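Here is the file start_23.cif (mmCIF, C-alpha atoms).
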data_protein
#
loop_
_atom_site.label_atom_id
_atom_site.label_comp_id
_atom_site.auth_asym_id
_atom_site.auth_seq_id
_atom_site.Cartn_x
_atom_site.Cartn_y
_atom_site.Cartn_z
CA MET A 738 53.85 60.30 90.08
CA VAL A 739 55.22 56.76 90.03
CA GLY A 740 58.43 58.03 88.43
CA VAL A 741 58.80 60.56 91.25
CA ALA A 742 58.33 57.77 93.80
CA GLY A 743 61.01 55.74 92.01
CA ALA A 744 63.41 58.68 92.01
CA LEU A 745 62.71 59.23 95.71
CA CYS A 746 63.56 55.58 96.36
CA LEU A 747 66.89 56.04 94.56
CA LEU A 748 67.57 59.09 96.72
CA LEU A 749 66.68 57.14 99.88
CA ALA A 750 68.93 54.24 98.85
CA GLY A 751 71.82 56.58 98.11
CA GLY A 752 71.37 58.37 101.42
CA HIS A 753 71.22 55.05 103.23
CA THR A 754 74.49 53.95 101.65
CA LEU A 755 76.18 57.28 102.38
CA VAL A 756 75.13 57.31 106.04
CA GLY A 757 76.15 53.68 106.45
CA GLN A 758 79.56 54.02 104.87
CA ARG A 759 80.37 57.30 106.52
CA TRP A 760 78.97 57.05 110.05
CA VAL A 761 77.49 53.67 110.96
CA LEU A 762 79.53 50.80 109.56
CA PRO A 763 83.02 52.15 110.38
CA ARG A 764 81.98 52.53 114.03
CA LEU A 765 81.09 48.86 114.27
CA ARG A 766 84.82 48.16 114.43
CA GLU A 767 85.40 50.70 117.22
CA GLN A 768 83.03 49.22 119.78
CA PRO A 769 82.86 45.67 121.09
CA LEU A 770 79.85 43.83 119.74
CA PRO A 771 78.16 40.84 121.31
CA ALA A 772 78.54 37.37 119.91
CA SER A 773 75.54 35.83 118.21
CA PRO A 774 74.42 32.24 117.66
CA LEU A 775 76.14 32.52 114.27
CA GLY A 776 79.57 33.36 115.68
CA GLY A 777 81.69 35.88 117.53
CA PRO A 778 81.71 39.68 117.47
CA ALA A 779 83.24 39.78 113.98
CA THR A 780 80.33 37.70 112.68
CA THR A 781 77.87 40.11 114.31
CA ALA A 782 79.61 43.03 112.56
CA VAL A 783 79.41 41.26 109.21
CA ALA A 784 75.73 40.41 109.76
CA LEU A 785 74.96 44.07 110.51
CA ALA A 786 76.87 45.25 107.43
CA VAL A 787 75.12 42.70 105.19
CA THR A 788 71.75 43.74 106.59
CA TRP A 789 72.59 47.41 106.03
CA TYR A 790 73.51 46.83 102.40
CA PHE A 791 70.55 44.52 101.84
CA VAL A 792 68.22 47.39 102.76
CA THR A 793 70.01 49.59 100.20
CA ILE A 794 69.70 46.88 97.55
CA ALA A 795 66.01 46.28 98.35
CA VAL A 796 65.12 49.99 98.15
CA THR A 797 67.08 50.27 94.89
CA GLY A 798 65.11 47.30 93.55
CA LEU A 799 61.85 49.01 94.48
CA ALA A 800 63.08 52.14 92.72
CA VAL A 801 63.76 50.18 89.53
CA LEU A 802 60.35 48.53 89.78
CA LEU A 803 58.59 51.88 90.22
CA LEU A 804 60.54 53.49 87.38
CA ALA A 805 59.59 50.56 85.12
CA LEU A 806 55.93 50.98 86.06
CA ALA A 807 55.95 54.73 85.45
CA GLY A 808 55.09 54.37 81.78
CA ARG A 809 52.45 51.66 82.16
CA HIS A 810 48.89 52.44 83.10
CA GLY A 811 45.67 50.66 83.88
CA SER A 812 46.64 47.08 84.67
CA ALA A 813 45.59 45.14 87.74
CA GLU A 814 49.20 44.04 88.28
CA ARG A 815 50.41 47.64 88.29
CA SER A 816 47.83 48.54 90.91
CA LEU A 817 48.78 45.53 93.05
CA VAL A 818 52.48 46.38 92.90
CA LEU A 819 51.86 50.04 93.73
CA ARG A 820 49.63 49.18 96.68
CA THR A 821 52.20 46.67 97.94
CA VAL A 822 55.05 49.18 97.70
CA ALA A 823 52.84 51.78 99.42
CA GLY A 824 52.18 49.29 102.22
CA VAL A 825 55.89 48.59 102.65
CA PHE A 826 56.71 52.28 102.95
CA ALA A 827 53.71 52.95 105.20
CA ALA A 828 54.93 50.16 107.50
CA ALA A 829 58.45 51.64 107.47
CA SER A 830 56.95 55.03 108.35
CA ALA A 831 54.93 53.61 111.22
CA LEU A 832 57.93 51.70 112.56
CA THR A 833 60.15 54.79 112.39
CA VAL A 834 57.60 56.93 114.23
CA TRP A 835 57.02 54.20 116.84
CA LEU A 836 60.74 53.75 117.53
CA ALA A 837 61.16 57.53 117.87
CA ARG A 838 58.17 58.00 120.15
CA ARG A 839 60.32 58.81 123.19
CA ARG A 840 62.50 61.21 121.21
CA PRO A 841 60.28 62.74 118.52
CA ARG A 842 62.96 65.29 117.62
CA SER A 843 64.98 62.45 116.11
CA LEU A 844 62.36 62.24 113.35
CA VAL A 845 63.69 65.49 111.90
CA ARG A 846 66.82 63.70 110.67
CA SER A 847 65.11 60.42 109.80
CA PRO A 848 63.95 59.36 106.32
CA VAL A 849 60.32 59.15 107.46
CA ALA A 850 59.21 62.05 105.23
CA GLY A 851 60.60 60.20 102.21
CA PHE A 852 58.86 56.98 103.30
CA ILE A 853 55.53 58.78 103.62
CA ALA A 854 55.99 60.54 100.27
CA VAL A 855 56.68 57.25 98.45
CA ALA A 856 53.66 55.60 100.12
CA VAL A 857 51.34 58.46 99.19
CA LEU A 858 52.63 58.73 95.61
CA CYS A 859 52.16 55.00 95.10
CA LEU A 860 48.65 54.97 96.59
CA VAL A 861 47.52 57.95 94.53
CA SER A 862 48.90 56.30 91.38
CA ALA A 863 47.46 52.84 92.06
#

Let's see the structure in the file written out as structure tokens.
Amino acid sequence: MVGVAGALCLLLAGGHTLVGQRWVLPRLREQPLPASPLGGPATTAVALAVTWYFVTIAVTGLAVLLLALAGRHGSAERSLVLRTVAGVFAAASALTVWLARRRPRSLVRSPVAGFIAVAVLCLVSA
């Protein structure tokens, strides 16, 4: 089950990159962005792009971690890591649902089902 969770994370990371490169990040150049304490609108656009890609890198890292743990069983460290990853994805699920509370239909196109699946797979395997 941990291997499935790792594969799901790779799928989520790939989807995140695809959506970002295709629909989100190119549009940052089309609309005026506010300045930030770090700099002008161009700096804000760079900060958003870096944050977008950081999420992809972090989820890919979790995928690698889960895939590495797939063949190991019975250690306290494995259980700790799986419970931590489950907590991260449970928190992401809760945040996604909370932010969509006024427009629940938007959850249909969100990655929340993948978040919940990874959390459950990790908890069951812990």

Pick out the residues sitting within 7 Å of range 821-824 of chain A, and hand them over as a VMD selection string; count only C-alpha atoms, and ignore anything fewer than 2 positions along from it in its own chain.
-> chain A and resid 817 to 819 826 to 828 855 to 857 859 to 860

Using all atoms listed in the file, which residues sit within 8 Å of range 838-849 of chain A once same-chain residues fewer than 5 positions away are excluded, as a PyMOL selection string?
-> chain A and resi 749+829-830+833

Go ahead and compute the interatomic distance for CA of Ala831 in chain A and CA of Ser773 in chain A, in Å to one decimal.
-> 28.1 Å

Could you expand the PyMOL selection byres ((chain A and resi 800) around 6) into the explicit residues it covers here, written as a VMD selection string?
-> chain A and resid 743 746 to 747 797 to 799 801 to 803

9 Å contact set for range 781-790 of chain A, all atoms listed in the file, chain neighbours under 6 positions out, as an MDAnalysis selection string | chainID A and resid 753:754 757 762 765:766 770:773 775

Since fewer atoms than expected are present, regenerate N, CA and C atoms for range 766-785 of chain A and write them as an mmCIF file, in the frame of the given file.
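Generated file (part.cif):
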data_model
loop_
_atom_site.group_PDB
_atom_site.id
_atom_site.type_symbol
_atom_site.label_atom_id
_atom_site.label_comp_id
_atom_site.auth_asym_id
_atom_site.auth_seq_id
_atom_site.Cartn_x
_atom_site.Cartn_y
_atom_site.Cartn_z
ATOM 1 N N ARG A 766 83.503 48.695 114.085
ATOM 2 C CA ARG A 766 84.820 48.160 114.430
ATOM 3 C C ARG A 766 85.388 48.798 115.699
ATOM 4 N N GLU A 767 84.866 49.969 116.066
ATOM 5 C CA GLU A 767 85.400 50.700 117.220
ATOM 6 C C GLU A 767 84.861 50.182 118.544
ATOM 7 N N GLN A 768 83.665 49.640 118.537
ATOM 8 C CA GLN A 768 83.030 49.220 119.780
ATOM 9 C C GLN A 768 82.906 47.703 119.808
ATOM 10 N N PRO A 769 83.043 47.120 121.000
ATOM 11 C CA PRO A 769 82.860 45.670 121.090
ATOM 12 C C PRO A 769 81.399 45.294 120.856
ATOM 13 N N LEU A 770 81.203 44.311 120.031
ATOM 14 C CA LEU A 770 79.850 43.830 119.740
ATOM 15 C C LEU A 770 79.646 42.489 120.412
ATOM 16 N N PRO A 771 78.406 42.153 120.706
ATOM 17 C CA PRO A 771 78.160 40.840 121.310
ATOM 18 C C PRO A 771 78.288 39.729 120.278
ATOM 19 N N ALA A 772 78.552 38.553 120.782
ATOM 20 C CA ALA A 772 78.540 37.370 119.910
ATOM 21 C C ALA A 772 77.085 37.042 119.603
ATOM 22 N N SER A 773 76.887 36.272 118.568
ATOM 23 C CA SER A 773 75.540 35.830 118.210
ATOM 24 C C SER A 773 75.570 34.307 118.058
ATOM 25 N N PRO A 774 74.416 33.693 117.886
ATOM 26 C CA PRO A 774 74.420 32.240 117.660
ATOM 27 C C PRO A 774 75.184 31.848 116.398
ATOM 28 N N LEU A 775 75.419 32.814 115.513
ATOM 29 C CA LEU A 775 76.140 32.520 114.270
ATOM 30 C C LEU A 775 77.648 32.553 114.445
ATOM 31 N N GLY A 776 78.131 33.250 115.477
ATOM 32 C CA GLY A 776 79.570 33.360 115.680
ATOM 33 C C GLY A 776 79.921 34.482 116.628
ATOM 34 N N GLY A 777 81.184 34.869 116.618
ATOM 35 C CA GLY A 777 81.690 35.880 117.530
ATOM 36 C C GLY A 777 81.345 37.297 117.114
ATOM 37 N N PRO A 778 81.968 38.275 117.764
ATOM 38 C CA PRO A 778 81.710 39.680 117.470
ATOM 39 C C PRO A 778 81.958 40.063 116.008
ATOM 40 N N ALA A 779 82.962 39.471 115.389
ATOM 41 C CA ALA A 779 83.240 39.780 113.980
ATOM 42 C C ALA A 779 82.075 39.322 113.095
ATOM 43 N N THR A 780 81.480 38.194 113.434
ATOM 44 C CA THR A 780 80.330 37.700 112.680
ATOM 45 C C THR A 780 79.135 38.620 112.858
ATOM 46 N N THR A 781 78.953 39.152 114.057
ATOM 47 C CA THR A 781 77.870 40.110 114.310
ATOM 48 C C THR A 781 78.075 41.363 113.453
ATOM 49 N N ALA A 782 79.306 41.853 113.374
ATOM 50 C CA ALA A 782 79.610 43.030 112.560
ATOM 51 C C ALA A 782 79.312 42.772 111.085
ATOM 52 N N VAL A 783 79.683 41.612 110.605
ATOM 53 C CA VAL A 783 79.410 41.260 109.210
ATOM 54 C C VAL A 783 77.909 41.157 108.967
ATOM 55 N N ALA A 784 77.180 40.543 109.906
ATOM 56 C CA ALA A 784 75.730 40.410 109.760
ATOM 57 C C ALA A 784 75.058 41.789 109.706
ATOM 58 N N LEU A 785 75.514 42.716 110.534
ATOM 59 C CA LEU A 785 74.960 44.070 110.510
ATOM 60 C C LEU A 785 75.275 44.780 109.194
#
